[in-house]
There are 2 protein chains.
Amino acid sequence: MREREPLSRERVLVVAVGLADADGIAKLTMRRLAAELGVEAMSLYYHLPGKTGLLDGLLETVLAEVVAATRAVPLAGDWRVTLRGWFLAAREVMLRHPWAPGLLGPGRAIPPSVFAYYELILASLIEAGFSYRIAHRALHAFGSMPLGFVQETFGPAADGDLDEQQLAAMAETMPHVAAMVAAELHDAADPTLGWCDSGVEFAFTLDLLFDSLERYR
Amino acid sequence: MREREPLSRERVLVVAVGLADADGIAKLTMRRLAAELGVEAMSLYYHLPGKTGLLDGLLETVLAEVVAATRAVPLAGDWRVTLRGWFLAAREVMLRHPWAPGLLGPGRAIPPSVFAYYELILASLIEAGFSYRIAHRALHAFGSMPLGFVQETFGPAADGDLDEQQLAAMAETMPHVAAMVAAELHDAADPTLGWCDSGVEFAFTLDLLFDSLERYR
DNA sequence: ACCTGAACACCGTTCAAGT
DNA sequence: ACCTGAACACCGTTCAAGT
């Protein structure tokens, strides 16, 4: 990729996000990123404070995308409908950048804009009649769901390819797991793929939390 | 550290867990691990299939610790009490290995023993009277909480050091956040530290999920 | 102000070789 | 069977130097 416009922090970050989306975050090195920009690796250090600064910038870029997507969602009368809409919009962004949740965590700086975003969520809780105490606990309970980040324990590969034979073997040592898989496979329209629709589960989990919180209002 | 007993996969993993606990997972390299074992880096390859295999083994070791801790928790009459006890026990293990949640995720193999552990959880849900459908959704909703893994959006540093001046500045652009912090600081016994007790929040979130699920039983 | 070349200290990993 | 030495391809980063 030959590029002719001059470098800038923003342009570096946009290209870096694209590279991470395409090949994964592990393949994103200073040298490869520089090559993609038609430049030497050391040039990046003029615009970014090293690899850590690059990763901070990537998180910042994705979270800005989350905030923008959230602002595009209209307010609803019910606080639950509003928040569900916001969080699902965030999840749509996350699906385009599956490497982003891994960046969240200790050692990574949270961009200041995110606090304004949490102000928005908090405001809608307070306006809905919650105390600061419960609103605070709600934020903890939501965890990273407002940012669209989910921690799935098992990847899609875990349940993707199960045939009759494996199911039978499972039935002996893990009867309940086997029965659950069998029951869900029977119900699903497509028996081999996607019986764990994580979007549906994401919304369902939100509603579980919302419904319990509603009683604290 | 001079070590004299012969190498083995298990001994390598035990020392690796200790190294990760002490210095973080980023500092855990094949060369440093080998040095800690009093051996050359290449020797590790006889016992483990490379760095990826090492990380798989680390996750395996931690999850085995979770399963062991869970089995030590006695069953209760109420399904909610049982599961809460199990998940909190898992969280205790996680606190000793804060790098472990970062290992969970795409690309990492889930050790087979974990499926037997989920069988346990699923069994207690079914016995409590849930359908397979709802039990399945419950497992999704719990996410990685059964393994004690939490995705905290903001690290402890984010709210650790806020003085009066910063609070006042926050009040203008983020009135609700500032009011919440002020209210919670007033209530807390120690005003500067630990006003976000993540153990309490972990249990609270579990109860929110449990209480909503109870209505589907 | 912006970019580069050469060099340094570190990775994970291979492969043939030692005992 | 178990461990090693040398070598390779790759990192992030420094520093003085170019324009």
# chains A, B, ... in the order shown; residues from 1 in each chain; ligands from 1
>>> closest_atom_pairs(of="chain C", to="chain B", cutoff="10 Å", atoms="only C-alpha atoms (C1' of nucleotides)", output="JSON lines")
{"residue": "C:DC11", "atom": "C1'", "partner": "B:Thr29", "partner_atom": "CA", "distance": 8.0}
{"residue": "C:DG12", "atom": "C1'", "partner": "B:Lys51", "partner_atom": "CA", "distance": 7.4}
{"residue": "C:DT13", "atom": "C1'", "partner": "B:Gly50", "partner_atom": "CA", "distance": 8.1}
>>> interface_residues(of="chain B", to="chain A", cutoff="7 Å", atoms="only C-alpha atoms", output="list in words")
Gly102, Leu104, Gly105, Pro106, Ala116, Glu119, Leu122, Ala123, Tyr132, Arg137, His140, Ala141, Gly143, Ser144, Gln151, Glu152, Thr153, Gly155, Met174, His176, Val177, Met180, Glu201, Thr205, Leu208, Leu209, Asp211 and Ser212 of chain B
>>> write_last_selection(atoms="C-alpha atoms", output="mmCIF file, in the first residue's frame")
data_model
loop_
_atom_site.group_PDB
_atom_site.id
_atom_site.type_symbol
_atom_site.label_atom_id
_atom_site.label_comp_id
_atom_site.auth_asym_id
_atom_site.auth_seq_id
_atom_site.Cartn_x
_atom_site.Cartn_y
_atom_site.Cartn_z
ATOM 1 C CA GLY B 102 -6.824 -11.927 29.910
ATOM 2 C CA LEU B 104 -9.697 -16.355 28.358
ATOM 3 C CA GLY B 105 -11.000 -15.475 24.953
ATOM 4 C CA PRO B 106 -10.702 -16.439 21.316
ATOM 5 C CA ALA B 116 -17.519 -31.073 33.803
ATOM 6 C CA GLU B 119 -22.221 -29.767 34.066
ATOM 7 C CA LEU B 122 -26.270 -26.858 34.868
ATOM 8 C CA ALA B 123 -27.334 -29.822 37.006
ATOM 9 C CA TYR B 132 -33.078 -26.484 29.626
ATOM 10 C CA ARG B 137 -29.738 -18.649 28.815
ATOM 11 C CA HIS B 140 -24.889 -17.168 28.876
ATOM 12 C CA ALA B 141 -26.047 -14.466 31.303
ATOM 13 C CA GLY B 143 -20.834 -15.254 31.353
ATOM 14 C CA SER B 144 -17.459 -15.770 32.949
ATOM 15 C CA GLN B 151 -14.456 -7.481 33.221
ATOM 16 C CA GLU B 152 -14.118 -4.256 35.187
ATOM 17 C CA THR B 153 -14.366 -1.304 32.851
ATOM 18 C CA GLY B 155 -9.370 -0.019 37.028
ATOM 19 C CA MET B 174 -20.470 15.663 34.584
ATOM 20 C CA HIS B 176 -24.344 13.182 37.924
ATOM 21 C CA VAL B 177 -20.989 11.424 38.088
ATOM 22 C CA MET B 180 -22.523 10.019 42.780
ATOM 23 C CA GLU B 201 -20.512 -5.674 43.599
ATOM 24 C CA THR B 205 -24.668 -8.551 40.277
ATOM 25 C CA LEU B 208 -29.668 -9.328 40.291
ATOM 26 C CA LEU B 209 -29.334 -12.141 37.773
ATOM 27 C CA ASP B 211 -33.646 -12.818 41.238
ATOM 28 C CA SER B 212 -34.714 -12.218 37.656
#
>>> calpha_fit_and_write(fixed="chain B", moving="chain A", output="mmCIF file with C-alpha atoms, in the first residue's frame")
data_model
loop_
_atom_site.group_PDB
_atom_site.id
_atom_site.type_symbol
_atom_site.label_atom_id
_atom_site.label_comp_id
_atom_site.auth_asym_id
_atom_site.auth_seq_id
_atom_site.Cartn_x
_atom_site.Cartn_y
_atom_site.Cartn_z
ATOM 1 C CA MET A 1 16.860 -19.680 41.628
ATOM 2 C CA ARG A 2 18.780 -22.929 41.371
ATOM 3 C CA GLU A 3 16.516 -25.961 40.994
ATOM 4 C CA ARG A 4 17.702 -29.547 41.031
ATOM 5 C CA GLU A 5 14.685 -31.759 40.500
ATOM 6 C CA PRO A 6 14.020 -32.799 36.911
ATOM 7 C CA LEU A 7 11.723 -30.815 34.666
ATOM 8 C CA SER A 8 8.136 -31.845 34.030
ATOM 9 C CA ARG A 9 5.158 -30.200 32.419
ATOM 10 C CA GLU A 10 3.534 -29.736 35.806
ATOM 11 C CA ARG A 11 6.614 -28.263 37.451
ATOM 12 C CA VAL A 12 7.115 -25.869 34.559
ATOM 13 C CA LEU A 13 3.499 -24.712 34.854
ATOM 14 C CA VAL A 14 3.635 -24.254 38.630
ATOM 15 C CA VAL A 15 6.751 -22.113 38.370
ATOM 16 C CA ALA A 16 5.221 -20.200 35.436
ATOM 17 C CA VAL A 17 2.094 -19.392 37.458
ATOM 18 C CA GLY A 18 4.285 -18.144 40.278
ATOM 19 C CA LEU A 19 6.259 -15.970 37.883
ATOM 20 C CA ALA A 20 3.070 -14.535 36.355
ATOM 21 C CA ASP A 21 1.635 -13.841 39.815
ATOM 22 C CA ALA A 22 4.814 -12.042 40.826
ATOM 23 C CA ASP A 23 5.734 -10.025 37.749
ATOM 24 C CA GLY A 24 2.723 -10.143 35.432
ATOM 25 C CA ILE A 25 2.093 -12.192 32.331
ATOM 26 C CA ALA A 26 3.935 -9.761 30.048
ATOM 27 C CA LYS A 27 7.222 -10.504 31.808
ATOM 28 C CA LEU A 28 6.719 -14.253 31.426
ATOM 29 C CA THR A 29 8.983 -15.241 28.548
ATOM 30 C CA MET A 30 10.323 -18.638 27.597
ATOM 31 C CA ARG A 31 13.841 -17.467 28.379
ATOM 32 C CA ARG A 32 13.013 -16.004 31.790
ATOM 33 C CA LEU A 33 10.949 -19.045 32.745
ATOM 34 C CA ALA A 34 13.794 -21.335 31.750
ATOM 35 C CA ALA A 35 16.295 -19.294 33.754
ATOM 36 C CA GLU A 36 14.011 -19.520 36.799
ATOM 37 C CA LEU A 37 14.076 -23.299 36.362
ATOM 38 C CA GLY A 38 17.861 -23.319 36.004
ATOM 39 C CA VAL A 39 17.669 -24.576 32.458
ATOM 40 C CA GLU A 40 18.034 -23.380 28.859
ATOM 41 C CA ALA A 41 14.985 -21.968 27.034
ATOM 42 C CA MET A 42 14.956 -24.757 24.465
ATOM 43 C CA SER A 43 14.495 -27.387 27.170
ATOM 44 C CA LEU A 44 10.944 -26.156 27.718
ATOM 45 C CA TYR A 45 9.978 -27.299 24.235
ATOM 46 C CA TYR A 46 10.446 -30.881 25.286
ATOM 47 C CA HIS A 47 7.659 -30.537 27.874
ATOM 48 C CA LEU A 48 5.409 -27.947 26.263
ATOM 49 C CA PRO A 49 4.430 -27.210 22.652
ATOM 50 C CA GLY A 50 5.773 -23.671 22.545
ATOM 51 C CA LYS A 51 4.555 -20.422 24.067
ATOM 52 C CA THR A 52 0.923 -20.986 23.051
ATOM 53 C CA GLY A 53 0.990 -24.339 24.794
ATOM 54 C CA LEU A 54 2.454 -22.662 27.864
ATOM 55 C CA LEU A 55 -0.379 -20.130 28.001
ATOM 56 C CA ASP A 56 -2.942 -22.901 27.466
ATOM 57 C CA GLY A 57 -1.324 -24.741 30.349
ATOM 58 C CA LEU A 58 -1.458 -21.653 32.569
ATOM 59 C CA LEU A 59 -5.192 -21.258 31.948
ATOM 60 C CA GLU A 60 -5.648 -24.962 32.581
ATOM 61 C CA THR A 61 -3.790 -24.711 35.899
ATOM 62 C CA VAL A 62 -5.833 -21.744 37.123
ATOM 63 C CA LEU A 63 -9.139 -23.286 36.059
ATOM 64 C CA ALA A 64 -8.221 -26.499 37.863
ATOM 65 C CA GLU A 65 -7.712 -24.358 40.949
ATOM 66 C CA VAL A 66 -11.177 -22.851 40.414
ATOM 67 C CA VAL A 67 -12.774 -26.283 40.111
ATOM 68 C CA ALA A 68 -11.009 -27.495 43.253
ATOM 69 C CA ALA A 69 -12.099 -24.411 45.214
ATOM 70 C CA THR A 70 -15.669 -24.880 44.002
ATOM 71 C CA ARG A 71 -15.831 -28.508 45.097
ATOM 72 C CA ALA A 72 -14.831 -27.415 48.602
ATOM 73 C CA VAL A 73 -17.981 -25.291 48.925
ATOM 74 C CA PRO A 74 -20.901 -27.190 50.502
ATOM 75 C CA LEU A 75 -24.257 -27.384 48.744
ATOM 76 C CA ALA A 76 -27.101 -25.271 50.067
ATOM 77 C CA GLY A 77 -30.852 -25.787 49.942
ATOM 78 C CA ASP A 78 -31.501 -22.752 47.739
ATOM 79 C CA TRP A 79 -29.961 -22.883 44.254
ATOM 80 C CA ARG A 80 -29.082 -19.200 44.505
ATOM 81 C CA VAL A 81 -27.103 -19.674 47.700
ATOM 82 C CA THR A 82 -25.235 -22.604 46.188
ATOM 83 C CA LEU A 83 -24.281 -20.818 42.988
ATOM 84 C CA ARG A 84 -23.360 -17.617 44.771
ATOM 85 C CA GLY A 85 -21.022 -19.591 47.000
ATOM 86 C CA TRP A 86 -19.433 -21.329 44.053
ATOM 87 C CA PHE A 87 -18.920 -18.195 42.000
ATOM 88 C CA LEU A 88 -17.509 -16.237 44.928
ATOM 89 C CA ALA A 89 -15.062 -19.057 45.606
ATOM 90 C CA ALA A 90 -13.982 -18.847 41.982
ATOM 91 C CA ARG A 91 -13.477 -15.143 42.374
ATOM 92 C CA GLU A 92 -11.151 -15.706 45.324
ATOM 93 C CA VAL A 93 -8.944 -17.801 43.057
ATOM 94 C CA MET A 94 -9.040 -15.171 40.342
ATOM 95 C CA LEU A 95 -7.814 -12.513 42.766
ATOM 96 C CA ARG A 96 -4.604 -14.486 43.194
ATOM 97 C CA HIS A 97 -4.083 -14.644 39.415
ATOM 98 C CA PRO A 98 -5.216 -11.291 38.033
ATOM 99 C CA TRP A 99 -3.581 -12.005 34.667
ATOM 100 C CA ALA A 100 -5.809 -15.049 34.059
ATOM 101 C CA PRO A 101 -8.947 -13.302 32.685
ATOM 102 C CA GLY A 102 -6.799 -11.928 29.888
ATOM 103 C CA LEU A 103 -6.019 -15.473 28.796
ATOM 104 C CA LEU A 104 -9.676 -16.341 28.371
ATOM 105 C CA GLY A 105 -10.964 -15.455 24.962
ATOM 106 C CA PRO A 106 -10.697 -16.409 21.326
ATOM 107 C CA GLY A 107 -7.814 -18.608 20.304
ATOM 108 C CA ARG A 108 -7.296 -20.194 23.704
ATOM 109 C CA ALA A 109 -8.346 -23.804 24.275
ATOM 110 C CA ILE A 110 -10.732 -24.481 27.150
ATOM 111 C CA PRO A 111 -9.482 -27.407 29.245
ATOM 112 C CA PRO A 112 -11.925 -30.354 29.202
ATOM 113 C CA SER A 113 -12.300 -30.320 32.992
ATOM 114 C CA VAL A 114 -14.148 -27.037 32.714
ATOM 115 C CA PHE A 115 -17.021 -28.711 30.881
ATOM 116 C CA ALA A 116 -17.496 -31.042 33.821
ATOM 117 C CA TYR A 117 -17.591 -27.973 36.027
ATOM 118 C CA TYR A 118 -20.334 -26.430 33.880
ATOM 119 C CA GLU A 119 -22.176 -29.744 34.084
ATOM 120 C CA LEU A 120 -22.257 -29.183 37.841
ATOM 121 C CA ILE A 121 -23.757 -25.722 37.491
ATOM 122 C CA LEU A 122 -26.226 -26.840 34.875
ATOM 123 C CA ALA A 123 -27.299 -29.807 36.999
ATOM 124 C CA SER A 124 -28.070 -27.574 39.960
ATOM 125 C CA LEU A 125 -30.186 -25.314 37.732
ATOM 126 C CA ILE A 126 -32.126 -28.226 36.277
ATOM 127 C CA GLU A 127 -32.649 -29.768 39.696
ATOM 128 C CA ALA A 128 -33.932 -26.443 40.925
ATOM 129 C CA GLY A 129 -36.683 -26.704 38.328
ATOM 130 C CA PHE A 130 -35.438 -24.686 35.380
ATOM 131 C CA SER A 131 -36.023 -25.733 31.778
ATOM 132 C CA TYR A 132 -33.009 -26.464 29.612
ATOM 133 C CA ARG A 133 -33.860 -23.405 27.607
ATOM 134 C CA ILE A 134 -33.715 -21.040 30.564
ATOM 135 C CA ALA A 135 -30.740 -22.836 32.082
ATOM 136 C CA HIS A 136 -28.898 -22.337 28.809
ATOM 137 C CA ARG A 137 -29.703 -18.641 28.807
ATOM 138 C CA ALA A 138 -28.641 -18.424 32.423
ATOM 139 C CA LEU A 139 -25.212 -19.814 31.549
ATOM 140 C CA HIS A 140 -24.857 -17.151 28.874
ATOM 141 C CA ALA A 141 -26.015 -14.460 31.305
ATOM 142 C CA PHE A 142 -23.523 -15.531 33.953
ATOM 143 C CA GLY A 143 -20.798 -15.236 31.345
ATOM 144 C CA SER A 144 -17.430 -15.745 32.948
ATOM 145 C CA MET A 145 -18.671 -15.165 36.503
ATOM 146 C CA PRO A 146 -18.691 -18.924 37.305
ATOM 147 C CA LEU A 147 -14.948 -18.860 36.662
ATOM 148 C CA GLY A 148 -14.584 -15.772 38.829
ATOM 149 C CA PHE A 149 -13.545 -13.614 35.917
ATOM 150 C CA VAL A 150 -14.840 -10.078 35.898
ATOM 151 C CA GLN A 151 -14.434 -7.457 33.233
ATOM 152 C CA GLU A 152 -14.115 -4.236 35.194
ATOM 153 C CA THR A 153 -14.375 -1.278 32.873
ATOM 154 C CA PHE A 154 -12.396 1.071 35.064
ATOM 155 C CA GLY A 155 -9.388 0.012 37.060
ATOM 156 C CA PRO A 156 -8.964 0.939 40.716
ATOM 157 C CA ALA A 157 -6.739 3.837 39.710
ATOM 158 C CA ALA A 158 -9.642 5.617 38.025
ATOM 159 C CA ASP A 159 -11.360 6.576 41.267
ATOM 160 C CA GLY A 160 -8.538 6.111 43.729
ATOM 161 C CA ASP A 161 -7.292 9.656 44.025
ATOM 162 C CA LEU A 162 -9.921 12.338 43.640
ATOM 163 C CA ASP A 163 -9.553 15.509 45.660
ATOM 164 C CA GLU A 164 -12.039 18.322 46.230
ATOM 165 C CA GLN A 165 -10.715 20.343 43.319
ATOM 166 C CA GLN A 166 -11.116 17.586 40.744
ATOM 167 C CA LEU A 167 -14.587 16.885 42.088
ATOM 168 C CA ALA A 168 -15.538 20.532 41.583
ATOM 169 C CA ALA A 169 -14.216 20.518 38.019
ATOM 170 C CA MET A 170 -16.168 17.344 37.295
ATOM 171 C CA ALA A 171 -19.376 18.843 38.661
ATOM 172 C CA GLU A 172 -19.627 21.247 35.747
ATOM 173 C CA THR A 173 -19.370 18.837 32.822
ATOM 174 C CA MET A 174 -20.511 15.674 34.558
ATOM 175 C CA PRO A 175 -22.924 16.661 37.329
ATOM 176 C CA HIS A 176 -24.376 13.203 37.912
ATOM 177 C CA VAL A 177 -21.023 11.461 38.080
ATOM 178 C CA ALA A 178 -19.763 14.111 40.491
ATOM 179 C CA ALA A 179 -22.880 13.823 42.638
ATOM 180 C CA MET A 180 -22.576 10.053 42.757
ATOM 181 C CA VAL A 181 -18.929 10.170 43.773
ATOM 182 C CA ALA A 182 -19.695 12.804 46.396
ATOM 183 C CA ALA A 183 -22.624 10.808 47.799
ATOM 184 C CA GLU A 184 -20.638 7.588 47.970
ATOM 185 C CA LEU A 185 -17.565 9.251 49.456
ATOM 186 C CA HIS A 186 -19.761 10.657 52.202
ATOM 187 C CA ASP A 187 -21.200 7.248 53.045
ATOM 188 C CA ALA A 188 -17.976 5.277 52.891
ATOM 189 C CA ALA A 189 -16.079 4.523 56.077
ATOM 190 C CA ASP A 190 -12.729 5.150 54.413
ATOM 191 C CA PRO A 191 -13.343 8.128 52.119
ATOM 192 C CA THR A 192 -10.258 7.742 49.946
ATOM 193 C CA LEU A 193 -9.941 4.069 49.279
ATOM 194 C CA GLY A 194 -12.070 1.099 48.368
ATOM 195 C CA TRP A 195 -15.444 2.743 47.979
ATOM 196 C CA CYS A 196 -15.866 0.402 45.021
ATOM 197 C CA ASP A 197 -15.701 -2.955 46.788
ATOM 198 C CA SER A 198 -15.653 -5.243 43.798
ATOM 199 C CA GLY A 199 -16.405 -8.323 45.882
ATOM 200 C CA VAL A 200 -19.643 -6.775 47.114
ATOM 201 C CA GLU A 201 -20.513 -5.649 43.588
ATOM 202 C CA PHE A 202 -19.769 -9.107 42.221
ATOM 203 C CA ALA A 203 -22.253 -10.664 44.665
ATOM 204 C CA PHE A 204 -24.788 -7.924 44.008
ATOM 205 C CA THR A 205 -24.669 -8.533 40.253
ATOM 206 C CA LEU A 206 -25.114 -12.248 40.836
ATOM 207 C CA ASP A 207 -28.197 -11.593 42.948
ATOM 208 C CA LEU A 208 -29.653 -9.311 40.274
ATOM 209 C CA LEU A 209 -29.330 -12.130 37.754
ATOM 210 C CA PHE A 210 -30.536 -14.788 40.207
ATOM 211 C CA ASP A 211 -33.621 -12.804 41.216
ATOM 212 C CA SER A 212 -34.695 -12.214 37.634
ATOM 213 C CA LEU A 213 -34.076 -15.841 36.712
ATOM 214 C CA GLU A 214 -36.091 -17.070 39.694
ATOM 215 C CA ARG A 215 -39.208 -15.706 38.005
ATOM 216 C CA TYR A 216 -38.591 -17.941 34.966
ATOM 217 C CA ARG A 217 -38.502 -21.096 37.058
#
>>> residues_around(residues="D:DC15", least_positions_apart="2", cutoff="10 Å", atoms="only C-alpha atoms (C1' of nucleotides)", output="list in words")
DA6 and DA7 of chain C; DT13 and DA17 of chain D
>>> write_last_selection(atoms="N, CA, C and O atoms (P, O5', C5', C4', C3', O3' and C1' of nucleotides)", output="PDB file, in the first residue's frame")
ATOM      1  P    DA C   6      21.951   1.836   6.758  1.00  0.00           P
ATOM      2  O5'  DA C   6      22.518   1.715   8.267  1.00  0.00           O
ATOM      3  C5'  DA C   6      23.159   2.851   8.852  1.00  0.00           C
ATOM      4  C4'  DA C   6      23.532   2.581  10.314  1.00  0.00           C
ATOM      5  C3'  DA C   6      23.867   1.123  10.614  1.00  0.00           C
ATOM      6  O3'  DA C   6      24.943   1.092  11.543  1.00  0.00           O
ATOM      7  C1'  DA C   6      22.122   1.816  12.024  1.00  0.00           C
ATOM      8  P    DA C   7      25.608  -0.307  12.009  1.00  0.00           P
ATOM      9  O5'  DA C   7      25.120  -0.432  13.522  1.00  0.00           O
ATOM     10  C5'  DA C   7      25.264   0.687  14.396  1.00  0.00           C
ATOM     11  C4'  DA C   7      24.489   0.452  15.675  1.00  0.00           C
ATOM     12  C3'  DA C   7      24.703  -0.940  16.280  1.00  0.00           C
ATOM     13  O3'  DA C   7      25.222  -0.797  17.598  1.00  0.00           O
ATOM     14  C1'  DA C   7      22.381  -0.350  16.221  1.00  0.00           C
TER      15       DA C   7
ATOM     16  P    DT D  13       7.871   0.362  22.457  1.00  0.00           P
ATOM     17  O5'  DT D  13       9.376   0.831  22.327  1.00  0.00           O
ATOM     18  C5'  DT D  13      10.365   0.208  23.131  1.00  0.00           C
ATOM     19  C4'  DT D  13      11.733   0.791  22.841  1.00  0.00           C
ATOM     20  C3'  DT D  13      11.744   2.317  22.669  1.00  0.00           C
ATOM     21  O3'  DT D  13      12.526   2.871  23.730  1.00  0.00           O
ATOM     22  C1'  DT D  13      13.086   1.219  21.046  1.00  0.00           C
ATOM     23  P    DA D  17      25.882  12.738  15.173  1.00  0.00           P
ATOM     24  O5'  DA D  17      25.083  12.676  13.806  1.00  0.00           O
ATOM     25  C5'  DA D  17      25.078  11.480  13.072  1.00  0.00           C
ATOM     26  C4'  DA D  17      24.005  11.547  12.012  1.00  0.00           C
ATOM     27  C3'  DA D  17      24.026  12.823  11.189  1.00  0.00           C
ATOM     28  O3'  DA D  17      24.633  12.546   9.924  1.00  0.00           O
ATOM     29  C1'  DA D  17      21.797  12.118  11.741  1.00  0.00           C
TER      30       DA D  17
END
